[in-house]
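Enquirer: Contents of model_25.cif (mmCIF, N, CA and C atoms) are below:
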```
data_input
#
loop_
_atom_site.label_atom_id
_atom_site.label_comp_id
_atom_site.auth_asym_id
_atom_site.auth_seq_id
_atom_site.Cartn_x
_atom_site.Cartn_y
_atom_site.Cartn_z
N ARG A 19 0.82 -1.20 0.00
CA ARG A 19 0.00 0.00 0.00
C ARG A 19 0.85 1.25 0.00
N ALA A 20 1.93 1.22 0.75
CA ALA A 20 2.80 2.39 0.82
C ALA A 20 3.39 2.69 -0.55
N ALA A 21 3.78 1.66 -1.29
CA ALA A 21 4.35 1.86 -2.62
C ALA A 21 3.32 2.46 -3.57
N LEU A 22 2.08 2.01 -3.47
CA LEU A 22 1.02 2.56 -4.31
C LEU A 22 0.79 4.02 -3.97
N ARG A 23 0.75 4.34 -2.69
CA ARG A 23 0.54 5.74 -2.28
C ARG A 23 1.68 6.63 -2.79
N GLU A 24 2.91 6.12 -2.71
CA GLU A 24 4.06 6.88 -3.21
C GLU A 24 3.95 7.09 -4.72
N ALA A 25 3.56 6.04 -5.44
CA ALA A 25 3.41 6.14 -6.89
C ALA A 25 2.32 7.14 -7.24
N LEU A 26 1.22 7.14 -6.49
CA LEU A 26 0.13 8.10 -6.75
C LEU A 26 0.59 9.53 -6.48
N ALA A 27 1.34 9.72 -5.41
CA ALA A 27 1.84 11.06 -5.09
C ALA A 27 2.78 11.54 -6.19
N GLU A 28 3.63 10.66 -6.68
CA GLU A 28 4.55 11.02 -7.76
C GLU A 28 3.78 11.34 -9.05
N ALA A 29 2.76 10.53 -9.34
CA ALA A 29 1.95 10.76 -10.54
C ALA A 29 1.24 12.10 -10.46
N ALA A 30 0.68 12.41 -9.30
CA ALA A 30 -0.04 13.67 -9.12
C ALA A 30 0.90 14.86 -9.27
N ALA A 31 2.16 14.67 -8.91
CA ALA A 31 3.15 15.73 -9.02
C ALA A 31 3.73 15.82 -10.43
N GLY A 32 3.31 14.92 -11.33
CA GLY A 32 3.78 14.97 -12.71
C GLY A 32 5.04 14.15 -12.95
N GLY A 33 5.37 13.25 -12.04
CA GLY A 33 6.58 12.43 -12.18
C GLY A 33 6.44 11.31 -13.19
N GLN A 34 7.41 10.41 -13.21
CA GLN A 34 7.45 9.31 -14.18
C GLN A 34 6.24 8.38 -14.06
N GLU A 35 5.69 8.24 -12.88
CA GLU A 35 4.54 7.35 -12.69
C GLU A 35 3.29 7.85 -13.38
N ARG A 36 3.30 9.11 -13.80
CA ARG A 36 2.10 9.70 -14.40
C ARG A 36 1.58 8.88 -15.58
N SER A 37 2.46 8.49 -16.48
CA SER A 37 1.99 7.76 -17.66
C SER A 37 1.46 6.38 -17.31
N ARG A 38 2.04 5.73 -16.33
CA ARG A 38 1.57 4.39 -15.95
C ARG A 38 0.25 4.42 -15.21
N LEU A 39 0.03 5.41 -14.38
CA LEU A 39 -1.14 5.41 -13.51
C LEU A 39 -2.30 6.27 -14.00
N LEU A 40 -2.03 7.40 -14.61
CA LEU A 40 -3.10 8.34 -14.88
C LEU A 40 -3.53 8.43 -16.34
N LYS A 41 -2.81 7.83 -17.23
CA LYS A 41 -3.20 7.89 -18.65
C LYS A 41 -4.24 6.81 -18.95
N SER A 42 -4.72 6.79 -20.18
CA SER A 42 -5.86 5.94 -20.54
C SER A 42 -5.64 4.45 -20.32
N HIS A 43 -4.43 3.97 -20.32
CA HIS A 43 -4.18 2.54 -20.09
C HIS A 43 -3.92 2.22 -18.62
N GLY A 44 -3.96 3.20 -17.75
CA GLY A 44 -3.70 2.99 -16.33
C GLY A 44 -4.92 2.50 -15.57
N PRO A 45 -4.75 2.13 -14.32
CA PRO A 45 -5.83 1.53 -13.53
C PRO A 45 -7.00 2.46 -13.24
N PHE A 46 -6.82 3.76 -13.36
CA PHE A 46 -7.92 4.68 -13.07
C PHE A 46 -8.92 4.79 -14.22
N TRP A 47 -8.60 4.20 -15.36
CA TRP A 47 -9.50 4.24 -16.50
C TRP A 47 -10.02 2.86 -16.88
N VAL A 48 -9.74 1.86 -16.09
CA VAL A 48 -10.21 0.51 -16.38
C VAL A 48 -11.72 0.46 -16.18
N ARG A 49 -12.43 -0.09 -17.15
CA ARG A 49 -13.89 -0.15 -17.07
C ARG A 49 -14.41 -1.56 -16.78
N GLN A 50 -13.51 -2.50 -16.56
CA GLN A 50 -13.96 -3.89 -16.39
C GLN A 50 -14.86 -4.07 -15.18
N PHE A 51 -14.69 -3.30 -14.13
CA PHE A 51 -15.56 -3.43 -12.96
C PHE A 51 -16.98 -2.97 -13.28
N ALA A 52 -17.11 -2.06 -14.21
CA ALA A 52 -18.41 -1.52 -14.56
C ALA A 52 -19.14 -2.37 -15.60
N THR A 53 -18.39 -3.06 -16.44
CA THR A 53 -19.03 -3.74 -17.57
C THR A 53 -19.03 -5.26 -17.47
N GLY A 54 -18.23 -5.84 -16.62
CA GLY A 54 -18.14 -7.30 -16.54
C GLY A 54 -19.28 -7.93 -15.75
N ALA A 55 -19.38 -9.24 -15.84
CA ALA A 55 -20.39 -10.00 -15.11
C ALA A 55 -20.06 -10.01 -13.62
N GLU A 56 -21.08 -9.97 -12.77
CA GLU A 56 -20.89 -9.93 -11.31
C GLU A 56 -19.96 -11.06 -10.83
N GLY A 57 -20.17 -12.27 -11.35
CA GLY A 57 -19.37 -13.41 -10.91
C GLY A 57 -17.89 -13.24 -11.16
N THR A 58 -17.54 -12.47 -12.17
CA THR A 58 -16.14 -12.19 -12.49
C THR A 58 -15.66 -10.93 -11.79
N VAL A 59 -16.49 -9.90 -11.84
CA VAL A 59 -16.12 -8.59 -11.33
C VAL A 59 -15.93 -8.57 -9.82
N CYS A 60 -16.85 -9.15 -9.08
CA CYS A 60 -16.83 -9.01 -7.62
C CYS A 60 -15.56 -9.59 -6.97
N PRO A 61 -15.09 -10.78 -7.36
CA PRO A 61 -13.83 -11.26 -6.79
C PRO A 61 -12.65 -10.35 -7.15
N GLN A 62 -12.63 -9.83 -8.37
CA GLN A 62 -11.56 -8.91 -8.77
C GLN A 62 -11.65 -7.60 -7.98
N LEU A 63 -12.86 -7.13 -7.78
CA LEU A 63 -13.06 -5.91 -7.00
C LEU A 63 -12.60 -6.13 -5.56
N ASP A 64 -12.98 -7.27 -4.97
CA ASP A 64 -12.55 -7.58 -3.61
C ASP A 64 -11.03 -7.54 -3.49
N GLU A 65 -10.34 -8.13 -4.45
CA GLU A 65 -8.87 -8.16 -4.42
C GLU A 65 -8.30 -6.75 -4.58
N THR A 66 -8.87 -5.97 -5.47
CA THR A 66 -8.39 -4.60 -5.68
C THR A 66 -8.59 -3.76 -4.42
N LEU A 67 -9.77 -3.86 -3.82
CA LEU A 67 -10.04 -3.11 -2.59
C LEU A 67 -9.08 -3.52 -1.48
N ARG A 68 -8.82 -4.82 -1.39
CA ARG A 68 -7.87 -5.32 -0.38
C ARG A 68 -6.48 -4.74 -0.61
N LEU A 69 -6.03 -4.72 -1.86
CA LEU A 69 -4.69 -4.24 -2.18
C LEU A 69 -4.50 -2.75 -1.87
N VAL A 70 -5.55 -1.97 -2.05
CA VAL A 70 -5.42 -0.53 -1.79
C VAL A 70 -5.92 -0.13 -0.41
N GLY A 71 -6.39 -1.11 0.37
CA GLY A 71 -6.84 -0.81 1.73
C GLY A 71 -8.16 -0.08 1.79
N ALA A 72 -9.05 -0.37 0.83
CA ALA A 72 -10.36 0.30 0.80
C ALA A 72 -11.46 -0.74 0.98
N THR A 73 -12.66 -0.27 1.27
CA THR A 73 -13.80 -1.18 1.44
C THR A 73 -14.87 -0.97 0.38
N ARG A 74 -14.79 0.13 -0.36
CA ARG A 74 -15.75 0.38 -1.41
C ARG A 74 -15.14 1.30 -2.46
N MET A 75 -15.80 1.36 -3.63
CA MET A 75 -15.32 2.17 -4.74
C MET A 75 -16.52 2.89 -5.36
N VAL A 76 -16.36 4.18 -5.63
CA VAL A 76 -17.36 4.94 -6.36
C VAL A 76 -16.74 5.27 -7.71
N VAL A 77 -17.46 4.93 -8.78
CA VAL A 77 -16.93 5.06 -10.13
C VAL A 77 -17.70 6.14 -10.89
N GLY A 78 -16.97 6.98 -11.58
CA GLY A 78 -17.54 7.96 -12.49
C GLY A 78 -16.94 7.73 -13.87
N HIS A 79 -17.35 8.50 -14.83
CA HIS A 79 -16.84 8.43 -16.20
C HIS A 79 -17.14 7.10 -16.90
N THR A 80 -18.02 6.32 -16.34
CA THR A 80 -18.59 5.16 -17.01
C THR A 80 -20.08 5.29 -16.78
N GLN A 81 -20.77 5.71 -17.80
CA GLN A 81 -22.17 6.10 -17.64
C GLN A 81 -23.09 4.94 -17.32
N VAL A 82 -24.05 5.26 -16.47
CA VAL A 82 -25.16 4.36 -16.17
C VAL A 82 -26.30 4.84 -17.06
N ASP A 83 -26.58 4.10 -18.10
CA ASP A 83 -27.53 4.55 -19.12
C ASP A 83 -28.94 4.79 -18.59
N GLU A 84 -29.31 4.13 -17.48
CA GLU A 84 -30.65 4.28 -16.93
C GLU A 84 -30.82 5.55 -16.11
N GLY A 85 -29.74 6.31 -15.90
CA GLY A 85 -29.85 7.57 -15.17
C GLY A 85 -29.99 7.44 -13.67
N ARG A 86 -29.69 6.27 -13.12
CA ARG A 86 -29.76 6.05 -11.68
C ARG A 86 -28.44 5.45 -11.20
N VAL A 87 -28.05 5.82 -9.99
CA VAL A 87 -26.85 5.23 -9.40
C VAL A 87 -27.02 3.71 -9.39
N LYS A 88 -26.02 3.01 -9.86
CA LYS A 88 -26.08 1.55 -9.95
C LYS A 88 -25.16 0.94 -8.89
N VAL A 89 -25.70 -0.02 -8.15
CA VAL A 89 -24.97 -0.70 -7.09
C VAL A 89 -24.49 -2.04 -7.61
N ARG A 90 -23.22 -2.36 -7.38
CA ARG A 90 -22.67 -3.65 -7.77
C ARG A 90 -21.97 -4.29 -6.58
N CYS A 91 -21.87 -5.58 -6.63
CA CYS A 91 -21.09 -6.35 -5.65
C CYS A 91 -21.51 -6.05 -4.21
N GLY A 92 -22.80 -6.07 -3.96
CA GLY A 92 -23.31 -5.88 -2.61
C GLY A 92 -23.04 -4.51 -2.01
N GLY A 93 -22.90 -3.50 -2.85
CA GLY A 93 -22.66 -2.14 -2.35
C GLY A 93 -21.19 -1.78 -2.27
N LYS A 94 -20.30 -2.69 -2.67
CA LYS A 94 -18.87 -2.38 -2.64
C LYS A 94 -18.47 -1.46 -3.78
N MET A 95 -19.30 -1.42 -4.83
CA MET A 95 -19.03 -0.52 -5.95
C MET A 95 -20.31 0.22 -6.32
N LEU A 96 -20.18 1.54 -6.45
CA LEU A 96 -21.30 2.38 -6.86
C LEU A 96 -20.91 3.06 -8.16
N MET A 97 -21.73 2.86 -9.18
CA MET A 97 -21.53 3.55 -10.45
C MET A 97 -22.37 4.82 -10.40
N ALA A 98 -21.70 5.96 -10.35
CA ALA A 98 -22.39 7.21 -10.06
C ALA A 98 -22.47 8.19 -11.22
N ASP A 99 -22.03 7.81 -12.42
CA ASP A 99 -22.14 8.73 -13.55
C ASP A 99 -23.51 8.56 -14.19
N THR A 100 -24.44 9.44 -13.82
CA THR A 100 -25.82 9.34 -14.28
C THR A 100 -26.09 10.32 -15.44
N ILE A 101 -25.05 10.64 -16.19
CA ILE A 101 -25.15 11.52 -17.36
C ILE A 101 -25.74 12.87 -16.95
N ILE A 102 -25.18 13.45 -15.92
CA ILE A 102 -25.73 14.68 -15.35
C ILE A 102 -25.52 15.89 -16.26
N SER A 103 -24.59 15.82 -17.19
CA SER A 103 -24.28 16.96 -18.06
C SER A 103 -25.27 17.08 -19.22
N LYS A 104 -26.05 18.14 -19.20
CA LYS A 104 -26.97 18.39 -20.32
C LYS A 104 -26.22 18.86 -21.55
N ASN A 105 -25.11 19.54 -21.35
CA ASN A 105 -24.33 20.02 -22.49
C ASN A 105 -23.59 18.88 -23.19
N GLY A 106 -23.07 17.95 -22.43
CA GLY A 106 -22.30 16.86 -23.01
C GLY A 106 -23.15 15.81 -23.70
N TYR A 107 -24.35 15.57 -23.17
CA TYR A 107 -25.22 14.51 -23.69
C TYR A 107 -26.67 15.00 -23.74
N PRO A 108 -26.96 16.01 -24.54
CA PRO A 108 -28.34 16.54 -24.57
C PRO A 108 -29.37 15.50 -25.01
N GLU A 109 -28.96 14.57 -25.85
CA GLU A 109 -29.91 13.55 -26.33
C GLU A 109 -30.44 12.68 -25.20
N CYS A 110 -29.69 12.54 -24.12
CA CYS A 110 -30.11 11.71 -22.99
C CYS A 110 -31.09 12.45 -22.07
N TRP A 111 -31.28 13.74 -22.27
CA TRP A 111 -32.19 14.54 -21.46
C TRP A 111 -33.55 14.74 -22.13
N ARG A 112 -33.69 14.32 -23.36
CA ARG A 112 -34.94 14.52 -24.09
C ARG A 112 -35.99 13.49 -23.66
N ASP A 113 -37.27 13.86 -23.80
CA ASP A 113 -38.36 12.93 -23.52
C ASP A 113 -38.21 11.69 -24.40
N GLY A 114 -38.39 10.53 -23.82
CA GLY A 114 -38.30 9.28 -24.57
C GLY A 114 -36.89 8.89 -24.95
N SER A 115 -35.88 9.48 -24.30
CA SER A 115 -34.49 9.24 -24.69
C SER A 115 -34.05 7.78 -24.49
N MET A 116 -34.59 7.10 -23.49
CA MET A 116 -34.20 5.70 -23.27
C MET A 116 -34.62 4.85 -24.48
N ARG A 117 -35.81 5.07 -24.94
CA ARG A 117 -36.30 4.31 -26.09
C ARG A 117 -35.57 4.73 -27.37
N LYS A 118 -35.38 6.03 -27.56
CA LYS A 118 -34.79 6.53 -28.80
C LYS A 118 -33.28 6.45 -28.84
N GLU A 119 -32.63 6.78 -27.73
CA GLU A 119 -31.16 6.90 -27.69
C GLU A 119 -30.47 5.83 -26.85
N GLY A 120 -31.24 5.12 -26.03
CA GLY A 120 -30.65 4.12 -25.16
C GLY A 120 -30.04 4.69 -23.90
N CYS A 121 -30.45 5.92 -23.54
CA CYS A 121 -29.93 6.54 -22.32
C CYS A 121 -30.99 7.45 -21.72
N ALA A 122 -30.94 7.61 -20.40
CA ALA A 122 -31.83 8.52 -19.69
C ALA A 122 -31.01 9.20 -18.60
N ALA A 123 -30.84 10.50 -18.72
CA ALA A 123 -30.02 11.25 -17.77
C ALA A 123 -30.83 11.67 -16.55
N SER A 124 -30.14 11.99 -15.47
CA SER A 124 -30.81 12.51 -14.29
C SER A 124 -29.83 13.32 -13.44
N ARG A 125 -30.38 14.14 -12.59
CA ARG A 125 -29.60 14.85 -11.58
C ARG A 125 -29.57 13.95 -10.36
N SER A 126 -28.52 13.17 -10.25
CA SER A 126 -28.41 12.17 -9.18
C SER A 126 -27.06 12.26 -8.51
N TYR A 127 -27.01 11.76 -7.28
CA TYR A 127 -25.76 11.72 -6.54
C TYR A 127 -25.85 10.68 -5.43
N VAL A 128 -24.69 10.36 -4.87
CA VAL A 128 -24.61 9.44 -3.73
C VAL A 128 -24.44 10.29 -2.48
N GLU A 129 -25.22 10.00 -1.45
CA GLU A 129 -25.11 10.72 -0.19
C GLU A 129 -24.92 9.71 0.94
N VAL A 130 -23.95 9.99 1.80
CA VAL A 130 -23.70 9.15 2.97
C VAL A 130 -23.97 10.01 4.19
N ARG A 131 -24.87 9.51 5.06
CA ARG A 131 -25.19 10.25 6.29
C ARG A 131 -25.65 9.29 7.38
N ASN A 132 -25.23 9.55 8.59
CA ASN A 132 -25.63 8.77 9.76
C ASN A 132 -25.48 7.26 9.57
N GLY A 133 -24.37 6.84 8.97
CA GLY A 133 -24.10 5.42 8.81
C GLY A 133 -24.86 4.73 7.70
N SER A 134 -25.56 5.51 6.87
CA SER A 134 -26.31 4.92 5.76
C SER A 134 -25.95 5.64 4.47
N ALA A 135 -26.11 4.93 3.36
CA ALA A 135 -25.84 5.52 2.04
C ALA A 135 -27.13 5.52 1.23
N PHE A 136 -27.29 6.57 0.41
CA PHE A 136 -28.49 6.73 -0.40
C PHE A 136 -28.12 7.17 -1.81
N ALA A 137 -28.86 6.69 -2.79
CA ALA A 137 -28.82 7.23 -4.14
C ALA A 137 -29.94 8.26 -4.18
N VAL A 138 -29.61 9.51 -4.45
CA VAL A 138 -30.59 10.58 -4.46
C VAL A 138 -30.75 11.07 -5.90
N MET A 139 -32.00 11.17 -6.33
CA MET A 139 -32.29 11.67 -7.67
C MET A 139 -33.32 12.79 -7.55
N LEU A 140 -32.99 13.94 -8.16
CA LEU A 140 -33.93 15.04 -8.20
C LEU A 140 -34.93 14.73 -9.30
N THR A 141 -36.20 14.55 -8.93
CA THR A 141 -37.20 14.17 -9.91
C THR A 141 -38.00 15.36 -10.42
N LYS A 142 -37.96 16.47 -9.67
CA LYS A 142 -38.62 17.69 -10.13
C LYS A 142 -37.78 18.86 -9.66
N VAL A 143 -37.44 19.74 -10.60
CA VAL A 143 -36.57 20.87 -10.31
C VAL A 143 -37.29 22.16 -10.68
N ARG A 144 -37.18 23.15 -9.79
CA ARG A 144 -37.80 24.46 -10.05
C ARG A 144 -37.01 25.21 -11.12
N GLU A 145 -37.61 26.28 -11.63
CA GLU A 145 -36.96 27.12 -12.65
C GLU A 145 -35.58 27.61 -12.19
N ASP A 146 -35.47 27.92 -10.88
CA ASP A 146 -34.20 28.46 -10.37
C ASP A 146 -33.15 27.37 -10.13
N GLY A 147 -33.49 26.11 -10.44
CA GLY A 147 -32.53 25.01 -10.30
C GLY A 147 -32.57 24.31 -8.96
N THR A 148 -33.38 24.78 -8.02
CA THR A 148 -33.46 24.12 -6.72
C THR A 148 -34.42 22.92 -6.80
N ALA A 149 -34.20 21.98 -5.91
CA ALA A 149 -34.99 20.75 -5.90
C ALA A 149 -36.40 21.00 -5.37
N GLU A 150 -37.38 20.54 -6.11
CA GLU A 150 -38.75 20.58 -5.64
C GLU A 150 -39.15 19.22 -5.09
N HIS A 151 -38.64 18.16 -5.71
CA HIS A 151 -38.92 16.81 -5.26
C HIS A 151 -37.69 15.92 -5.48
N MET A 152 -37.37 15.10 -4.47
CA MET A 152 -36.24 14.18 -4.56
C MET A 152 -36.71 12.77 -4.26
N GLU A 153 -36.06 11.81 -4.87
CA GLU A 153 -36.31 10.40 -4.61
C GLU A 153 -35.04 9.82 -4.01
N GLU A 154 -35.14 9.23 -2.82
CA GLU A 154 -33.99 8.62 -2.17
C GLU A 154 -34.16 7.11 -2.15
N THR A 155 -33.12 6.40 -2.55
CA THR A 155 -33.13 4.95 -2.53
C THR A 155 -31.99 4.48 -1.63
N PRO A 156 -32.29 3.75 -0.56
CA PRO A 156 -31.21 3.23 0.28
C PRO A 156 -30.29 2.32 -0.53
N ILE A 157 -29.00 2.43 -0.29
CA ILE A 157 -28.02 1.60 -0.97
C ILE A 157 -27.60 0.50 -0.01
N PRO A 158 -27.79 -0.77 -0.38
CA PRO A 158 -27.34 -1.85 0.49
C PRO A 158 -25.82 -1.85 0.54
N ILE A 159 -25.28 -1.71 1.73
CA ILE A 159 -23.83 -1.62 1.83
C ILE A 159 -23.23 -2.72 2.68
N GLY A 160 -24.03 -3.59 3.22
CA GLY A 160 -23.51 -4.70 4.01
C GLY A 160 -23.09 -4.26 5.40
N GLU A 161 -23.16 -5.16 6.34
CA GLU A 161 -22.84 -4.84 7.74
C GLU A 161 -21.40 -4.38 7.92
N MET A 162 -20.44 -5.04 7.27
CA MET A 162 -19.04 -4.67 7.43
C MET A 162 -18.83 -3.22 6.99
N LEU A 163 -19.39 -2.84 5.85
CA LEU A 163 -19.23 -1.50 5.35
C LEU A 163 -19.98 -0.49 6.20
N LYS A 164 -21.16 -0.84 6.68
CA LYS A 164 -21.99 0.07 7.46
C LYS A 164 -21.26 0.49 8.75
N GLN A 165 -20.52 -0.42 9.34
CA GLN A 165 -19.80 -0.10 10.57
C GLN A 165 -18.76 0.99 10.35
N GLU A 166 -18.22 1.08 9.13
CA GLU A 166 -17.19 2.08 8.85
C GLU A 166 -17.75 3.46 8.58
N LEU A 167 -19.01 3.53 8.16
CA LEU A 167 -19.63 4.83 7.87
C LEU A 167 -19.98 5.47 9.17
#
```
What is this structure when it is put down as structure tokens?

Expert:
Amino acid sequence: RAALREALAEAAAGGQERSRLLKSHGPFWVRQFATGAEGTVCPQLDETLRLVGATRMVVGHTQVDEGRVKVRCGGKMLMADTIISKNGYPECWRDGSMRKEGCAASRSYVEVRNGSAFAVMLTKVREDGTAEHMEETPIPIGEMLKQEL
């Protein structure tokens, strides 16, 4: 773990590790946890979390086409890219976009409070951009993970 932390610090500072860790072929851009089958992904995720000393992973930049935070591997991985950018993906914000484009965007986020985690989606927004109505879905995180929150 110490070696990984040192490599990350060097990469962040622009050192030699930058190309290995932060570029497109490095571990921060691997999409296999988001796209693989649970039976394959979850054991690999468990090993990765063990190696870096973590208990869960939140993933962005791999879109969840349904516009909702997606839970994988019993809550150890949360896919949180719900295509929130209207400018980047306007087609996903249009009525009927799931049927027409295969995507549905939403204003969603992950919230952790009082030992529990929630996927929050703004379902109705006022003209000024403030939330008028929100939908909260509890995220199953398992007893081991819950104790850490």

Enquirer: Do a neighbour search on A:Met75 at 7 Å with only C-alpha atoms, toss out local chain neighbours closer than 5 positions, and write the hits as an mmCIF file with N, CA and C atoms, keeping the file's coordinate frame.

Expert:
```cif
data_model
loop_
_atom_site.group_PDB
_atom_site.id
_atom_site.type_symbol
_atom_site.label_atom_id
_atom_site.label_comp_id
_atom_site.auth_asym_id
_atom_site.auth_seq_id
_atom_site.Cartn_x
_atom_site.Cartn_y
_atom_site.Cartn_z
ATOM 1 N N LYS A 94 -20.300 -2.690 -2.670
ATOM 2 C CA LYS A 94 -18.870 -2.380 -2.640
ATOM 3 C C LYS A 94 -18.470 -1.460 -3.780
ATOM 4 N N MET A 95 -19.300 -1.420 -4.830
ATOM 5 C CA MET A 95 -19.030 -0.520 -5.950
ATOM 6 C C MET A 95 -20.310 0.220 -6.320
ATOM 7 N N LEU A 96 -20.180 1.540 -6.450
ATOM 8 C CA LEU A 96 -21.300 2.380 -6.860
ATOM 9 C C LEU A 96 -20.910 3.060 -8.160
#
```

Enquirer: Could you tell me, as number ranges by chain, which residues of chain A DSSP assigns to alpha helix (DSSP H) when given the backbone?

Expert: A: 20-30, 35-39, 50-53, 56-70, 115-119, 160-166

Enquirer: What does the structure give for the distance between atom C of A:Leu22 and atom CA of A:Leu69, in Å to one decimal?

Expert: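 Taking atom C of A:Leu22 and atom CA of A:Leu69, their separation equals 10.1 Å.
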
Enquirer: Work out how far apart atom CA of A:Thr53 and atom CA of A:Glu65 are and give it in Å to one decimal.

Expert: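 Straight-line distance from atom CA of A:Thr53 to atom CA of A:Glu65 works out to 17.2 Å.
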
Enquirer: Which residue out of A:Asp113, A:Val48, A:Arg86, A:Cys121 has the minimum interatomic distance to A:Val138 when only N, CA and C atoms are used?

Expert: A:Arg86

Enquirer: Do you know which residues are at most 7 Å from A:Ile157 counting only N, CA and C atoms, after dropping those on the same chain fewer than 6 positions away, and could you put them as a PyMOL selection string?

Expert: chain A and resi 93+134-137

Enquirer: Could you give me the residues within chain A that DSSP places in strand (DSSP E), as number ranges by chain?

Expert: A: 75-81, 88-90, 95-99, 125-131, 134-143, 149-156

Enquirer: Under the PyMOL selection byres ((chain A and resi 81) around 6), which residues of this model are included? Write them out as an MDAnalysis selection string.

Expert: chainID A and resid 78:80 82:83 99:101

Enquirer: Give me the residues within 8 Å of A:Gly120 as a list in words, counting only N, CA and C atoms and dropping any in the same chain fewer than 5 places off.

Expert: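 After dropping sequence-adjacent residues, the list is Val82, Asp83, Glu84, Glu109, Cys110, Gly114 and Ser115 of chain A.
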
Enquirer: At what distance in Å, to one decimal, does atom N of A:Tyr127 lie from atom CA of A:Tyr107?

Expert: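 Those two atoms sit 16.7 Å apart.
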
Enquirer: Evaluate the PyMOL selection byres ((chain A and resi 126) around 6.5) here and jot the selected residues down as an MDAnalysis selection string.

Expert: chainID A and resid 87 100 102 124:125 127:128 138:140

Enquirer: Once 8 Å is added on each side, what centre and edge lengths in Å to one decimal does the axis-aligned box around all listed atoms of stretch 75-81 of chain A have, as AutoDock Vina command-line options?

Expert:
```
--center_x -19.2 --center_y 4.9 --center_z -10.7 --size_x 23.8 --size_y 23.1 --size_z 30.2
```

Enquirer: Could you check which of A:Ala55, A:Arg74, A:Ala123, A:Cys91 is closest to A:Gly106, using only C-alpha atoms?

Expert: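 Of all the options, A:Ala123 lies closest to A:Gly106.
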
Enquirer: Given only C-alpha atoms as the basis, pick out the residue of A:Pro156, A:Phe51, A:Val130, A:Asp146 nearest to A:Thr66.

Expert: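 Using only C-alpha atoms, the shortest distance to A:Thr66 belongs to A:Phe51.
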